[in-house]
Amino acid sequence: MDNPVKLACRSVWKLYGNDADSFLAQNFPGNSGKRPTSQQIRDAGLIGAVRGADVEIREGEIFVIMGLSGSGKSTLVRCLSRLIEPTAGEVLFEGRDLLRMAERDLIEVRRRKMGMVFQQFALLPHLTVLQNVAFPLEVQGVAAAAREARARAVIELVGLKGREAYFPRELSGGQQQRVGIARSLAVEPDLWFLDEPFSALDPLIRREMQDEFLRLQAMLHKTIVFITHDFDEAIRLADRIAIMQDGEIIQVATPEELVLFPATRYVEEFTRHIPRAKILSARSVMRALESDGAPPESFAGDVDAGDRIEAIAARVEAADAPFRVLEKGNVIGAIDRQAVIDVLVGREAGR
């Protein structure tokens, strides 16, 4: 992805305990290149919630941060939005360091450029759907008519038109989450943080909300940081995924790269039980076309290089001839029945 970097962090640490700042500054100054070990952190009586995180999130991408409970993913997101203060490091939003920003400027960035959705819906129970969605605009000082018009537009966008006068108690869990999403979108954020927003929903509603989320992203093209512990959810949504373990980011890659080229045994175990057909694309299992001078092949049709094997398996398996693999209209390879079968039974290339 060649889009400019929207949000980045450089060697971000969050240590909990007495004199955490001094521990890092005195023993591991930023220009030394040294990092404390887990044991050194424990010996100092500290807890390493985030340890030396480096990441770049590009404009328009869905960047998923995932890991098991206690891995540091939610703490990292709160550092990125400066809801909590990192112990050390830099957090750059559009090139500006949020950690050096004056409080007044930070409040303006949060109000006008960032949207946040958390697992807890946090709707105001005494306000209607319309009033809840319009609330952040009211905080900004937007005139009543303008904020109501904007609120109605995003309520329709998330599929809740007709429920503007409902109170949160009159809505289902999925509908309440849609209100939370609409409220965060009302300010038209450039950067959208979502911390396990669907984890409290039952599986069917969760799937519907994922579909809704992808539909909204296709329309709005936001830069999104999405937290989850569910790898199925991550691979459905992510352009790239950061895997965290014990406060450290141990790999950043596309879902496909995580499966084909895991950086550690932990990442390999994390992805082991995910059906490969959901993740691998035609690009990853295609073969090169015959070189010049070979007899021309006949093809049953075309597939896109990014198509998941799951989506094209039935077509390719049923055909007697291979399919051409296209990328931006150019033929880059071919995929046949055997390649698809190998993925479905676990014999995909690279494993």
# chains A, B, ... in the order shown; residues from 1 in each chain; ligands from 1
$ residues_around --residues "Ser71 of chain A" --least-positions-apart "2" --cutoff "10 Å" --atoms "only C-alpha atoms" --output "list in words"
Gly48, Ala49, Val50, Met66, Gly67, Leu68, Ser69, Lys73, Ser74, Thr75, Leu76, His229, Ile243, Met244, Gln245, Asp246, Gly247, Glu248 and Ile249 of chain A
$ residues_around --residues "segment 326-337 of chain A" --least-positions-apart "3" --cutoff "7 Å" --atoms "only C-alpha atoms" --output "count of residues only"
16
$ closest_residue --among "A:Val225, A:Leu157, A:Leu201, A:Val12" --to "Thr87 of chain A" --atoms "only C-alpha atoms"
A:Val12
$ residues_around --residues "Ile279 of chain A" --least-positions-apart "5" --cutoff "7 Å" --atoms "only C-alpha atoms" --output "PyMOL selection string"
chain A and resi 235+255-256+308
$ atom_distance --atom1 "atom CA of Met114 of chain A" --atom2 "atom CA of Trp192 of chain A"
5.7 Å
$ closest_residue --among "A:Gln175, A:Ser184, A:Thr37, A:Gln119" --to "Phe135 of chain A" --atoms "only C-alpha atoms"
A:Ser184
$ atom_distance --atom1 "atom CA of Gly306 of chain A" --atom2 "atom CA of Leu260 of chain A"
15.2 Å
$ closest_residue --among "A:Ala53, A:Ala218, A:Leu127, A:Cys9" --to "Phe167 of chain A" --atoms "only C-alpha atoms"
A:Leu127
$ closest_residue --among "A:Ala277, A:Ile312, A:Val154, A:Leu216" --to "Val343 of chain A" --atoms "only C-alpha atoms"
A:Ala277
$ closest_residue --among "A:Val179, A:Ala238, A:Ser22, A:Pro136" --to "Glu108 of chain A" --atoms "only C-alpha atoms"
A:Pro136
$ atom_distance --atom1 "atom CA of Ala314 of chain A" --atom2 "atom CA of Val285 of chain A"
15.8 Å
$ select_by_dssp --residues "segment 125-157 of chain A" --states "alpha helix (DSSP H)" --output "list in words"
Val129, Leu130, Gln131, Asn132, Val133, Ala134, Phe135, Pro136, Leu137, Glu138, Val139, Gln140, Ala144, Ala145, Ala146, Arg147, Glu148, Ala149, Arg150, Ala151, Arg152, Ala153, Val154, Ile155, Glu156 and Leu157 of chain A
$ closest_residue --among "A:Leu99, A:Ala149, A:Ala165, A:Leu137" --to "Arg111 of chain A" --atoms "only C-alpha atoms"
A:Leu137
$ residues_around --residues "Pro125 of chain A" --least-positions-apart "6" --cutoff "10 Å" --atoms "only C-alpha atoms" --output "list of chain:residue names"
A:Asn132, A:Phe167, A:Pro168, A:Arg169
$ write_last_selection --atoms "N, CA and C atoms" --output "tab-separated table (two decimals), in the first residue's frame"
chain	number	residue	atom	x	y	z
A	132	ASN	N	-28.21	11.05	20.86
A	132	ASN	CA	-26.93	10.39	21.12
A	132	ASN	C	-25.95	10.63	19.97
A	167	PHE	N	-35.09	5.25	22.48
A	167	PHE	CA	-34.08	5.33	23.52
A	167	PHE	C	-33.24	4.05	23.48
A	168	PRO	N	-32.01	4.09	23.99
A	168	PRO	CA	-31.15	2.91	23.93
A	168	PRO	C	-31.80	1.64	24.48
A	169	ARG	N	-32.59	1.75	25.54
A	169	ARG	CA	-33.22	0.56	26.14
A	169	ARG	C	-34.21	-0.10	25.20
$ select_by_dssp --residues "segment 72-107 of chain A" --states "strand (DSSP E or B)" --output "list in words"
Ala88, Gly89, Glu90, Val91, Leu92, Phe93, Arg96 and Asp97 of chain A
$ write_last_selection --atoms "N, CA and C atoms" --output "PDB file, in the first residue's frame"
ATOM      1  N   ALA A  88       7.166   6.259  27.403  1.00  0.00           N
ATOM      2  CA  ALA A  88       8.217   6.779  26.530  1.00  0.00           C
ATOM      3  C   ALA A  88       7.820   6.534  25.081  1.00  0.00           C
ATOM      4  N   GLY A  89       8.455   7.263  24.175  1.00  0.00           N
ATOM      5  CA  GLY A  89       8.233   7.062  22.750  1.00  0.00           C
ATOM      6  C   GLY A  89       7.579   8.248  22.076  1.00  0.00           C
ATOM      7  N   GLU A  90       7.211   8.058  20.820  1.00  0.00           N
ATOM      8  CA  GLU A  90       6.536   9.083  20.019  1.00  0.00           C
ATOM      9  C   GLU A  90       5.282   8.489  19.400  1.00  0.00           C
ATOM     10  N   VAL A  91       4.235   9.318  19.319  1.00  0.00           N
ATOM     11  CA  VAL A  91       3.021   8.949  18.599  1.00  0.00           C
ATOM     12  C   VAL A  91       2.749  10.061  17.600  1.00  0.00           C
ATOM     13  N   LEU A  92       2.894   9.762  16.320  1.00  0.00           N
ATOM     14  CA  LEU A  92       2.803  10.776  15.268  1.00  0.00           C
ATOM     15  C   LEU A  92       1.492  10.630  14.504  1.00  0.00           C
ATOM     16  N   PHE A  93       0.681  11.672  14.539  1.00  0.00           N
ATOM     17  CA  PHE A  93      -0.563  11.725  13.774  1.00  0.00           C
ATOM     18  C   PHE A  93      -0.434  12.825  12.742  1.00  0.00           C
ATOM     19  N   ARG A  96       2.538  15.006  13.339  1.00  0.00           N
ATOM     20  CA  ARG A  96       2.642  15.758  14.593  1.00  0.00           C
ATOM     21  C   ARG A  96       2.679  14.800  15.771  1.00  0.00           C
ATOM     22  N   ASP A  97       3.577  15.045  16.708  1.00  0.00           N
ATOM     23  CA  ASP A  97       3.708  14.176  17.871  1.00  0.00           C
ATOM     24  C   ASP A  97       2.617  14.510  18.884  1.00  0.00           C
TER      25      ASP A  97
END
$ residues_around --residues "Glu233 of chain A" --least-positions-apart "2" --cutoff "10 Å" --atoms "only C-alpha atoms" --output "list of chain:residue names"
A:Val64, A:Phe198, A:Ser199, A:Arg206, A:Arg207, A:Gln210, A:Ile227, A:Thr228, A:His229, A:Asp230, A:Phe231, A:Ile235, A:Arg236, A:Leu237, A:Ala238
